[in-house]
file work_31.cif (mmCIF, C-alpha atoms)
data_upload
loop_
_atom_site.label_atom_id
_atom_site.label_comp_id
_atom_site.auth_asym_id
_atom_site.auth_seq_id
_atom_site.Cartn_x
_atom_site.Cartn_y
_atom_site.Cartn_z
CA MET A 1 -3.48 6.24 -130.13
CA SER A 2 -5.95 8.96 -131.05
CA THR A 3 -9.10 9.25 -133.11
CA ARG A 4 -8.92 13.01 -133.46
CA ILE A 5 -9.30 14.06 -137.11
CA PHE A 6 -7.88 17.31 -138.49
CA PRO A 7 -9.71 18.32 -141.68
CA THR A 8 -6.97 20.76 -142.72
CA ALA A 9 -3.26 21.18 -142.11
CA LYS A 10 -4.07 24.48 -140.42
CA ASP A 11 -6.29 22.64 -137.93
CA ALA A 12 -3.42 20.27 -137.19
CA GLN A 13 -0.99 23.15 -136.73
CA ASN A 14 -3.42 24.97 -134.41
CA ALA A 15 -3.74 21.80 -132.33
CA PHE A 16 0.07 21.51 -132.24
CA TYR A 17 0.51 24.97 -130.71
CA GLU A 18 -2.48 24.53 -128.38
CA ALA A 19 -0.97 21.30 -127.06
CA LEU A 20 2.39 23.08 -126.66
CA GLU A 21 0.77 25.84 -124.60
CA ARG A 22 -1.25 23.39 -122.52
CA ALA A 23 1.65 20.94 -122.07
CA ASP A 24 -0.81 18.31 -123.29
CA LEU A 25 1.13 15.19 -124.29
CA GLU A 26 -1.82 13.25 -125.70
CA GLY A 27 -3.05 16.33 -127.56
CA MET A 28 0.45 16.79 -128.99
CA MET A 29 0.87 13.18 -130.10
CA ALA A 30 -2.59 13.23 -131.74
CA VAL A 31 -1.17 15.78 -134.18
CA TRP A 32 1.69 13.55 -135.32
CA ALA A 33 1.46 10.85 -137.96
CA GLU A 34 1.63 7.32 -136.60
CA ASP A 35 4.79 6.74 -138.55
CA GLU A 36 8.30 5.66 -137.63
CA GLU A 37 9.83 8.26 -139.94
CA ILE A 38 8.47 11.36 -138.20
CA VAL A 39 11.25 13.79 -137.27
CA CYS A 40 11.43 16.54 -134.66
CA VAL A 41 14.23 19.05 -134.07
CA HIS A 42 13.93 21.52 -131.18
CA PRO A 43 16.14 24.63 -131.09
CA GLY A 44 19.68 23.47 -130.35
CA GLY A 45 18.47 19.91 -129.91
CA GLN A 46 19.23 16.51 -131.40
CA ARG A 47 17.26 15.30 -134.39
CA LEU A 48 14.66 12.91 -132.98
CA ALA A 49 13.05 10.28 -135.18
CA GLY A 50 10.12 7.92 -134.69
CA GLN A 51 7.19 7.82 -132.29
CA ALA A 52 9.17 6.79 -129.21
CA GLN A 53 11.80 9.54 -129.40
CA VAL A 54 9.32 12.24 -130.36
CA ARG A 55 6.88 11.31 -127.61
CA ASP A 56 9.70 11.16 -125.07
CA ILE A 57 11.00 14.68 -125.80
CA TRP A 58 7.51 16.17 -125.45
CA ARG A 59 6.97 14.22 -122.26
CA GLN A 60 10.15 15.75 -120.87
CA MET A 61 9.22 19.24 -122.05
CA PHE A 62 5.73 19.01 -120.60
CA ALA A 63 6.77 17.48 -117.27
CA GLY A 64 6.60 20.83 -115.48
CA GLY A 65 3.14 21.68 -116.78
CA PRO A 66 2.06 24.63 -118.96
CA ASN A 67 4.68 27.39 -118.96
CA MET A 68 4.48 29.35 -122.21
CA ARG A 69 2.34 31.27 -124.66
CA VAL A 70 3.15 30.93 -128.36
CA HIS A 71 2.32 33.53 -131.00
CA VAL A 72 2.73 32.33 -134.59
CA ALA A 73 3.85 35.01 -137.05
CA GLN A 74 5.24 35.57 -140.54
CA GLN A 75 3.72 32.40 -141.88
CA VAL A 76 4.56 31.16 -145.38
CA VAL A 77 2.49 28.19 -146.56
CA SER A 78 3.27 25.88 -149.43
CA ALA A 79 0.04 23.97 -149.99
CA GLY A 80 -0.55 20.93 -152.16
CA MET A 81 -3.23 18.25 -152.30
CA MET A 82 -1.31 15.83 -150.09
CA VAL A 83 1.27 17.93 -148.27
CA GLU A 84 1.60 21.37 -146.76
CA VAL A 85 4.74 23.05 -145.48
CA HIS A 86 4.11 25.83 -142.95
CA SER A 87 7.13 28.01 -142.25
CA VAL A 88 6.48 30.17 -139.19
CA HIS A 89 8.13 32.32 -136.60
CA GLU A 90 7.24 31.21 -133.08
CA ILE A 91 7.19 34.10 -130.61
CA ILE A 92 7.32 32.43 -127.20
CA THR A 93 6.62 34.13 -123.89
CA VAL A 94 7.55 32.05 -120.89
CA THR A 95 5.31 32.36 -117.83
CA GLY A 96 6.71 34.91 -115.41
CA GLU A 97 8.71 36.77 -118.06
CA ASN A 98 7.40 40.09 -119.30
CA ARG A 99 8.93 39.95 -122.78
CA PRO A 100 8.88 37.29 -125.47
CA ARG A 101 12.03 35.27 -126.09
CA PRO A 102 13.89 35.88 -129.39
CA PRO A 103 11.94 34.34 -132.26
CA VAL A 104 12.28 30.74 -133.34
CA VAL A 105 11.89 29.79 -137.00
CA ALA A 106 10.00 26.54 -137.51
CA THR A 107 9.31 24.37 -140.53
CA ASN A 108 6.17 22.29 -139.99
CA VAL A 109 5.37 19.59 -142.56
CA PHE A 110 1.88 18.07 -142.69
CA LEU A 111 0.66 15.11 -144.69
CA ARG A 112 -2.89 14.25 -145.71
CA THR A 113 -3.44 10.74 -144.36
CA ALA A 114 -6.42 8.40 -144.15
CA ALA A 115 -6.89 9.84 -140.64
CA GLY A 116 -6.84 13.49 -141.71
CA TRP A 117 -3.90 15.88 -141.75
CA ARG A 118 -0.96 14.93 -139.53
CA MET A 119 2.45 16.40 -138.80
CA ILE A 120 5.41 14.43 -140.15
CA ALA A 121 8.21 16.90 -139.40
CA HIS A 122 8.87 19.83 -137.06
CA HIS A 123 12.25 21.57 -137.31
CA ALA A 124 12.76 24.62 -135.10
CA SER A 125 15.88 26.75 -134.61
CA PRO A 126 16.70 30.21 -133.30
CA ALA A 127 16.02 32.99 -135.80
CA PRO A 128 18.52 35.83 -135.92
CA GLY A 129 17.26 39.30 -134.85
CA THR A 130 14.65 41.10 -136.89
CA PRO A 131 14.44 40.99 -140.68
CA ALA A 132 16.11 43.76 -142.68
CA PRO A 133 15.77 46.71 -142.88
CA GLU A 134 17.08 47.15 -139.38
CA ALA A 135 15.23 50.11 -137.94
CA THR A 136 16.52 49.68 -134.41
CA PRO A 137 19.94 48.82 -133.03
CA ALA A 138 20.45 45.26 -131.91
CA PRO A 139 19.30 44.82 -128.32
CA THR A 140 22.03 44.36 -125.76
CA PRO A 141 21.77 41.27 -123.57
CA LYS A 142 19.93 42.11 -120.39
CA ILE A 143 20.49 40.18 -117.19
CA LEU A 144 17.64 40.51 -114.70
CA HIS A 145 18.58 39.83 -111.13
CA MET B 1 14.74 28.26 -165.65
CA SER B 2 15.88 24.68 -166.00
CA THR B 3 14.77 21.59 -167.86
CA ARG B 4 16.64 19.14 -165.64
CA ILE B 5 14.34 16.35 -164.45
CA PHE B 6 14.93 14.41 -161.24
CA PRO B 7 13.14 11.04 -161.37
CA THR B 8 13.39 10.55 -157.58
CA ALA B 9 13.69 12.75 -154.52
CA LYS B 10 17.06 11.11 -153.88
CA ASP B 11 18.27 12.30 -157.27
CA ALA B 12 17.15 15.82 -156.40
CA GLN B 13 18.91 15.66 -153.04
CA ASN B 14 22.11 14.35 -154.62
CA ALA B 15 22.00 17.25 -157.09
CA PHE B 16 21.46 19.68 -154.19
CA TYR B 17 24.63 18.58 -152.40
CA GLU B 18 26.62 18.36 -155.65
CA ALA B 19 25.65 21.94 -156.46
CA LEU B 20 26.60 22.98 -152.92
CA GLU B 21 30.05 21.41 -153.29
CA ARG B 22 30.57 22.87 -156.76
CA ALA B 23 29.16 26.32 -155.80
CA ASP B 24 26.97 25.91 -158.88
CA LEU B 25 24.13 28.43 -158.71
CA GLU B 26 22.21 27.19 -161.77
CA GLY B 27 22.63 23.57 -160.66
CA MET B 28 21.32 24.56 -157.22
CA MET B 29 18.29 26.46 -158.50
CA ALA B 30 17.42 23.58 -160.86
CA VAL B 31 16.74 21.50 -157.73
CA TRP B 32 14.19 23.95 -156.29
CA ALA B 33 10.52 24.09 -157.24
CA GLU B 34 9.58 27.13 -159.32
CA ASP B 35 7.29 28.27 -156.57
CA GLU B 36 6.99 31.45 -154.54
CA GLU B 37 6.42 29.48 -151.32
CA ILE B 38 9.78 27.68 -151.24
CA VAL B 39 11.59 28.26 -147.94
CA CYS B 40 15.27 28.03 -147.01
CA VAL B 41 16.85 28.40 -143.56
CA HIS B 42 20.64 28.22 -143.25
CA PRO B 43 22.24 27.58 -139.83
CA GLY B 44 21.74 30.74 -137.79
CA GLY B 45 20.20 32.52 -140.76
CA GLN B 46 16.93 34.26 -141.55
CA ARG B 47 14.05 32.29 -143.00
CA LEU B 48 14.15 33.05 -146.75
CA ALA B 49 11.04 32.58 -148.87
CA GLY B 50 10.46 32.64 -152.61
CA GLN B 51 12.68 32.27 -155.65
CA ALA B 52 14.34 35.69 -155.39
CA GLN B 53 15.46 35.39 -151.75
CA VAL B 54 16.52 31.76 -152.09
CA ARG B 55 18.51 32.41 -155.26
CA ASP B 56 20.13 35.46 -153.70
CA ILE B 57 21.43 33.63 -150.61
CA TRP B 58 22.97 30.87 -152.71
CA ARG B 59 24.50 33.48 -155.03
CA GLN B 60 26.13 35.09 -151.99
CA MET B 61 27.28 31.75 -150.59
CA PHE B 62 28.75 30.65 -153.90
CA ALA B 63 30.45 33.97 -154.72
CA GLY B 64 33.85 32.73 -153.54
CA GLY B 65 33.70 29.50 -155.57
CA PRO B 66 33.76 25.91 -154.32
CA ASN B 67 35.05 25.67 -150.73
CA MET B 68 33.56 22.63 -149.04
CA ARG B 69 32.93 18.91 -149.13
CA VAL B 70 29.64 17.62 -147.70
CA HIS B 71 29.11 14.13 -146.33
CA VAL B 72 25.46 13.22 -145.71
CA ALA B 73 24.88 10.88 -142.75
CA GLN B 74 22.21 9.48 -140.42
CA GLN B 75 19.49 9.86 -143.01
CA VAL B 76 15.84 9.29 -142.08
CA VAL B 77 13.42 9.32 -145.03
CA SER B 78 9.66 9.70 -144.88
CA ALA B 79 8.51 8.73 -148.35
CA GLY B 80 5.07 9.15 -149.90
CA MET B 81 3.74 9.19 -153.45
CA MET B 82 3.91 12.98 -153.74
CA VAL B 83 6.28 14.11 -151.01
CA GLU B 84 9.45 12.97 -149.30
CA VAL B 85 11.08 14.40 -146.20
CA HIS B 86 14.78 13.63 -145.88
CA SER B 87 16.25 14.38 -142.47
CA VAL B 88 20.04 14.29 -142.63
CA HIS B 89 23.18 15.26 -140.83
CA GLU B 90 25.49 17.32 -143.03
CA ILE B 91 29.17 16.79 -142.18
CA ILE B 92 30.93 19.70 -143.83
CA THR B 93 34.67 19.98 -144.34
CA VAL B 94 35.80 23.41 -145.45
CA THR B 95 38.72 23.55 -147.88
CA GLY B 96 41.99 24.03 -146.00
CA GLU B 97 40.66 22.62 -142.72
CA ASN B 98 41.72 19.13 -141.71
CA ARG B 99 38.65 18.28 -139.66
CA PRO B 100 34.96 18.50 -140.42
CA ARG B 101 32.89 21.23 -138.79
CA PRO B 102 30.36 20.20 -136.11
CA PRO B 103 27.40 18.50 -137.78
CA VAL B 104 24.41 20.37 -139.14
CA VAL B 105 20.95 18.79 -139.03
CA ALA B 106 18.89 19.47 -142.14
CA THR B 107 15.29 18.82 -143.08
CA ASN B 108 14.90 18.59 -146.86
CA VAL B 109 11.37 18.46 -148.28
CA PHE B 110 10.81 17.33 -151.86
CA LEU B 111 7.62 17.41 -153.90
CA ARG B 112 6.75 15.39 -156.98
CA THR B 113 5.88 17.95 -159.63
CA ALA B 114 5.05 17.82 -163.32
CA ALA B 115 8.78 18.51 -163.85
CA GLY B 116 10.01 15.70 -161.60
CA TRP B 117 11.00 15.87 -157.95
CA ARG B 118 11.90 19.32 -156.64
CA MET B 119 12.91 20.76 -153.30
CA ILE B 120 10.34 22.99 -151.60
CA ALA B 121 12.03 23.44 -148.20
CA HIS B 122 15.53 23.23 -146.72
CA HIS B 123 15.92 23.95 -143.01
CA ALA B 124 19.40 23.53 -141.55
CA SER B 125 20.64 24.27 -138.03
CA PRO B 126 23.61 23.29 -135.87
CA ALA B 127 23.27 19.85 -134.30
CA PRO B 128 24.48 19.49 -130.74
CA GLY B 129 27.61 17.33 -130.24
CA THR B 130 27.36 13.61 -130.74
CA PRO B 131 24.33 11.55 -129.76
CA ALA B 132 24.20 10.16 -126.23
CA PRO B 133 25.99 8.41 -124.62
CA GLU B 134 28.66 11.07 -124.55
CA ALA B 135 31.95 9.20 -124.83
CA THR B 136 34.17 12.22 -125.33
CA PRO B 137 34.24 15.68 -123.76
CA ALA B 138 32.95 18.55 -125.88
CA PRO B 139 35.70 19.90 -128.13
CA THR B 140 37.10 23.29 -127.20
CA PRO B 141 36.96 25.97 -129.90
CA LYS B 142 40.20 26.07 -131.86
CA ILE B 143 41.45 29.20 -133.52
CA LEU B 144 43.96 28.63 -136.31
CA HIS B 145 46.21 31.55 -137.09
#
call {"tool": "encode", "arguments": {"input": "work_31.cif", "output": "structure tokens"}}
result
Amino acid sequence: MSTRIFPTAKDAQNAFYEALERADLEGMMAVWAEDEEIVCVHPGGQRLAGQAQVRDIWRQMFAGGPNMRVHVAQQVVSAGMMVEVHSVHEIITVTGENRPRPPVVATNVFLRTAAGWRMIAHHASPAPGTPAPEATPAPTPKILH
Amino acid sequence: MSTRIFPTAKDAQNAFYEALERADLEGMMAVWAEDEEIVCVHPGGQRLAGQAQVRDIWRQMFAGGPNMRVHVAQQVVSAGMMVEVHSVHEIITVTGENRPRPPVVATNVFLRTAAGWRMIAHHASPAPGTPAPEATPAPTPKILH
């Protein structure tokens, strides 16, 4: 499917978020392992497993073209010889909105394969507010119209 | 902290859910790698990283004693020599309730260490309803009092 080689897990993760911002389906699938046990969970979404389901959800998400910027923050990395787990907060700003959405916490698992580092799991879910200590009151929902 | 050895990732995962059902803090922490980069996300919760934060959340959760049964379903396993990712649905029944809660999707990452297989990441979040096709309408929230 792809001959792109990622020398490090960080390279693979950078390519993942670049493909997400560009709504680049082939760029996205080049990050994933060619494996039927890959798993992907989007915030509030079903657990998707295998190449066909994972490709299909990205195809749907990217159908409208690029529509977001993603800032990766608060990263914690567990790094081994063959596997790395990157736990990140994704701060997403949708095109046309002047504030980022509430953060998403994501667990990204990368494996060192014969074809370089590839993603084998992405699990993302809404993160609650800001970490303690709470310096500011919780924001009230704002409806713009 | 613990000398318990898990010969397989499956053994470690079984011990994880047994400790969860028994509200057994030492049994739970024996499953985790002794590593400052372990990460744990409970449904709707903050991302917790490192031994101290992970131990503390389980201590809080287990403070009231055992209060649930957990059935693990729809497992997808990505297995390598050094790492396994187990994607599961957790069907939790809280003591005193006659129906399980809506399913939780969990990504459990295990590493083969010098001390056997250990968990390095647990990310759990609410799974939406049942997989398509939707045969039944979404359940309405029920308040028992």
call {"tool": "atom_distance", "arguments": {"input": "work_31.cif", "atom1": "CA of His71 in chain B", "atom2": "CA of Glu90 in chain B"}}
result
5.8 Å
call {"tool": "atom_distance", "arguments": {"input": "work_31.cif", "atom1": "CA of Glu18 in chain A", "atom2": "CA of Ala30 in chain A"}}
result
11.8 Å
call {"tool": "closest_atom_pairs", "arguments": {"input": "work_31.cif", "of": "range 84-126 of chain B", "to": "range 38-60 of chain B", "cutoff": "10 Å", "atoms": "only C-alpha atoms", "output": "Markdown table"}}
result
| residue | atom | partner | partner_atom | distance |
| --- | --- | --- | --- | --- |
| B:Val104 | CA | B:Pro43 | CA | 7.6 |
| B:Val105 | CA | B:Pro43 | CA | 8.9 |
| B:Ala106 | CA | B:His42 | CA | 9.0 |
| B:Thr107 | CA | B:Val41 | CA | 9.7 |
| B:Asn108 | CA | B:Cys40 | CA | 9.4 |
| B:Val109 | CA | B:Val39 | CA | 9.8 |
| B:Met119 | CA | B:Ile38 | CA | 7.9 |
| B:Ile120 | CA | B:Ile38 | CA | 4.7 |
| B:Ala121 | CA | B:Val39 | CA | 4.8 |
| B:His122 | CA | B:Cys40 | CA | 4.8 |
| B:His123 | CA | B:Val41 | CA | 4.6 |
| B:Ala124 | CA | B:His42 | CA | 5.1 |
| B:Ser125 | CA | B:Pro43 | CA | 4.1 |
| B:Pro126 | CA | B:Pro43 | CA | 6.0 |
call {"tool": "closest_residue", "arguments": {"input": "work_31.cif", "among": "B:Thr3, B:Asn98, B:Phe110, B:Pro128", "to": "Val85 in chain A", "atoms": "all atoms listed in the file"}}
result
B:Phe110
call {"tool": "atom_distance", "arguments": {"input": "work_31.cif", "atom1": "CA of Val77 in chain A", "atom2": "CA of Lys10 in chain A"}}
result
9.7 Å
call {"tool": "closest_residue", "arguments": {"input": "work_31.cif", "among": "A:Met29, A:Leu20, A:Arg101, A:Arg118", "to": "Val83 in chain A", "atoms": "only C-alpha atoms"}}
result
A:Arg118
call {"tool": "closest_residue", "arguments": {"input": "work_31.cif", "among": "A:Ser78, A:Pro102, A:Met61, A:Thr8", "to": "Glu36 in chain B", "atoms": "all atoms listed in the file"}}
result
A:Ser78
call {"tool": "closest_residue", "arguments": {"input": "work_31.cif", "among": "B:Met81, B:Met28, B:Val70, B:Val94", "to": "chain A", "atoms": "all atoms listed in the file"}}
result
B:Met81
call {"tool": "closest_residue", "arguments": {"input": "work_31.cif", "among": "B:Ala127, B:Ala114, B:Ile92, B:Met68", "to": "chain A", "atoms": "only C-alpha atoms"}}
result
B:Ala127
call {"tool": "decode", "arguments": {"input": "work_31.cif", "residues": "range 64-99 of chain B", "atoms": "N, CA and C atoms", "output": "compact mmCIF listing (two decimals), in the first residue's frame"}}
result
# COMPACT_ATOMS: atom_id res chain seq x y z
N GLY B 64 -14.40 1.77 48.45
CA GLY B 64 -15.69 1.25 48.94
C GLY B 64 -15.78 -0.27 48.92
N GLY B 65 -14.70 -0.95 48.51
CA GLY B 65 -14.74 -2.41 48.45
C GLY B 65 -15.29 -2.90 47.13
N PRO B 66 -15.34 -4.22 46.95
CA PRO B 66 -15.79 -4.79 45.68
C PRO B 66 -17.23 -4.36 45.36
N ASN B 67 -17.49 -3.93 44.13
CA ASN B 67 -18.86 -3.51 43.80
C ASN B 67 -19.23 -3.75 42.34
N MET B 68 -18.46 -4.58 41.65
CA MET B 68 -18.84 -4.82 40.25
C MET B 68 -18.36 -6.19 39.76
N ARG B 69 -19.06 -6.66 38.71
CA ARG B 69 -18.59 -7.81 37.95
C ARG B 69 -18.26 -7.30 36.56
N VAL B 70 -17.19 -7.82 35.96
CA VAL B 70 -16.77 -7.37 34.64
C VAL B 70 -16.72 -8.56 33.70
N HIS B 71 -17.46 -8.45 32.60
CA HIS B 71 -17.40 -9.46 31.54
C HIS B 71 -16.65 -8.84 30.36
N VAL B 72 -15.61 -9.53 29.88
CA VAL B 72 -14.80 -9.02 28.78
C VAL B 72 -15.26 -9.66 27.48
N ALA B 73 -15.57 -8.84 26.48
CA ALA B 73 -16.16 -9.34 25.24
C ALA B 73 -15.49 -8.69 24.03
N GLN B 74 -15.77 -9.25 22.86
CA GLN B 74 -15.35 -8.69 21.57
C GLN B 74 -13.86 -8.34 21.56
N GLN B 75 -13.06 -9.28 22.03
CA GLN B 75 -11.63 -9.01 22.14
C GLN B 75 -10.93 -9.08 20.78
N VAL B 76 -10.07 -8.10 20.52
CA VAL B 76 -9.17 -8.14 19.37
C VAL B 76 -7.75 -8.02 19.93
N VAL B 77 -6.88 -8.96 19.58
CA VAL B 77 -5.53 -8.99 20.14
C VAL B 77 -4.50 -8.82 19.03
N SER B 78 -3.62 -7.86 19.23
CA SER B 78 -2.46 -7.69 18.36
C SER B 78 -1.26 -8.17 19.15
N ALA B 79 -0.70 -9.31 18.75
CA ALA B 79 0.32 -9.96 19.56
C ALA B 79 1.67 -9.96 18.88
N GLY B 80 2.69 -9.48 19.57
CA GLY B 80 4.06 -9.55 19.10
C GLY B 80 4.92 -10.25 20.14
N MET B 81 6.22 -10.33 19.87
CA MET B 81 7.13 -10.97 20.82
C MET B 81 7.22 -10.20 22.13
N MET B 82 7.20 -8.86 22.02
CA MET B 82 7.49 -8.01 23.18
C MET B 82 6.29 -7.21 23.65
N VAL B 83 5.26 -7.13 22.81
CA VAL B 83 4.12 -6.28 23.17
C VAL B 83 2.83 -6.91 22.69
N GLU B 84 1.78 -6.73 23.45
CA GLU B 84 0.45 -7.13 23.00
C GLU B 84 -0.52 -6.01 23.30
N VAL B 85 -1.40 -5.74 22.32
CA VAL B 85 -2.48 -4.79 22.53
C VAL B 85 -3.78 -5.59 22.54
N HIS B 86 -4.51 -5.50 23.65
CA HIS B 86 -5.80 -6.17 23.76
C HIS B 86 -6.88 -5.09 23.75
N SER B 87 -7.70 -5.11 22.71
CA SER B 87 -8.84 -4.20 22.63
C SER B 87 -10.07 -4.98 23.03
N VAL B 88 -10.76 -4.50 24.05
CA VAL B 88 -11.90 -5.27 24.60
C VAL B 88 -13.10 -4.37 24.86
N HIS B 89 -14.25 -4.99 24.95
CA HIS B 89 -15.41 -4.32 25.50
C HIS B 89 -15.59 -4.84 26.93
N GLU B 90 -15.69 -3.91 27.86
CA GLU B 90 -15.93 -4.27 29.26
C GLU B 90 -17.43 -4.12 29.53
N ILE B 91 -18.07 -5.22 29.92
CA ILE B 91 -19.49 -5.18 30.26
C ILE B 91 -19.56 -5.27 31.78
N ILE B 92 -19.86 -4.14 32.39
CA ILE B 92 -19.78 -4.02 33.84
C ILE B 92 -21.18 -4.04 34.46
N THR B 93 -21.34 -4.91 35.44
CA THR B 93 -22.59 -4.94 36.22
C THR B 93 -22.26 -4.53 37.65
N VAL B 94 -22.85 -3.43 38.07
CA VAL B 94 -22.60 -2.92 39.42
C VAL B 94 -23.50 -3.67 40.39
N THR B 95 -22.93 -4.00 41.55
CA THR B 95 -23.67 -4.73 42.58
C THR B 95 -24.98 -4.02 42.90
N GLY B 96 -26.07 -4.76 42.90
CA GLY B 96 -27.38 -4.18 43.22
C GLY B 96 -28.15 -3.75 42.00
N GLU B 97 -27.50 -3.74 40.84
CA GLU B 97 -28.20 -3.39 39.60
C GLU B 97 -28.47 -4.68 38.84
N ASN B 98 -29.63 -4.78 38.19
CA ASN B 98 -29.96 -6.04 37.54
C ASN B 98 -29.64 -6.07 36.05
N ARG B 99 -29.05 -4.99 35.56
CA ARG B 99 -28.61 -4.98 34.16
C ARG B 99 -27.20 -4.42 34.10
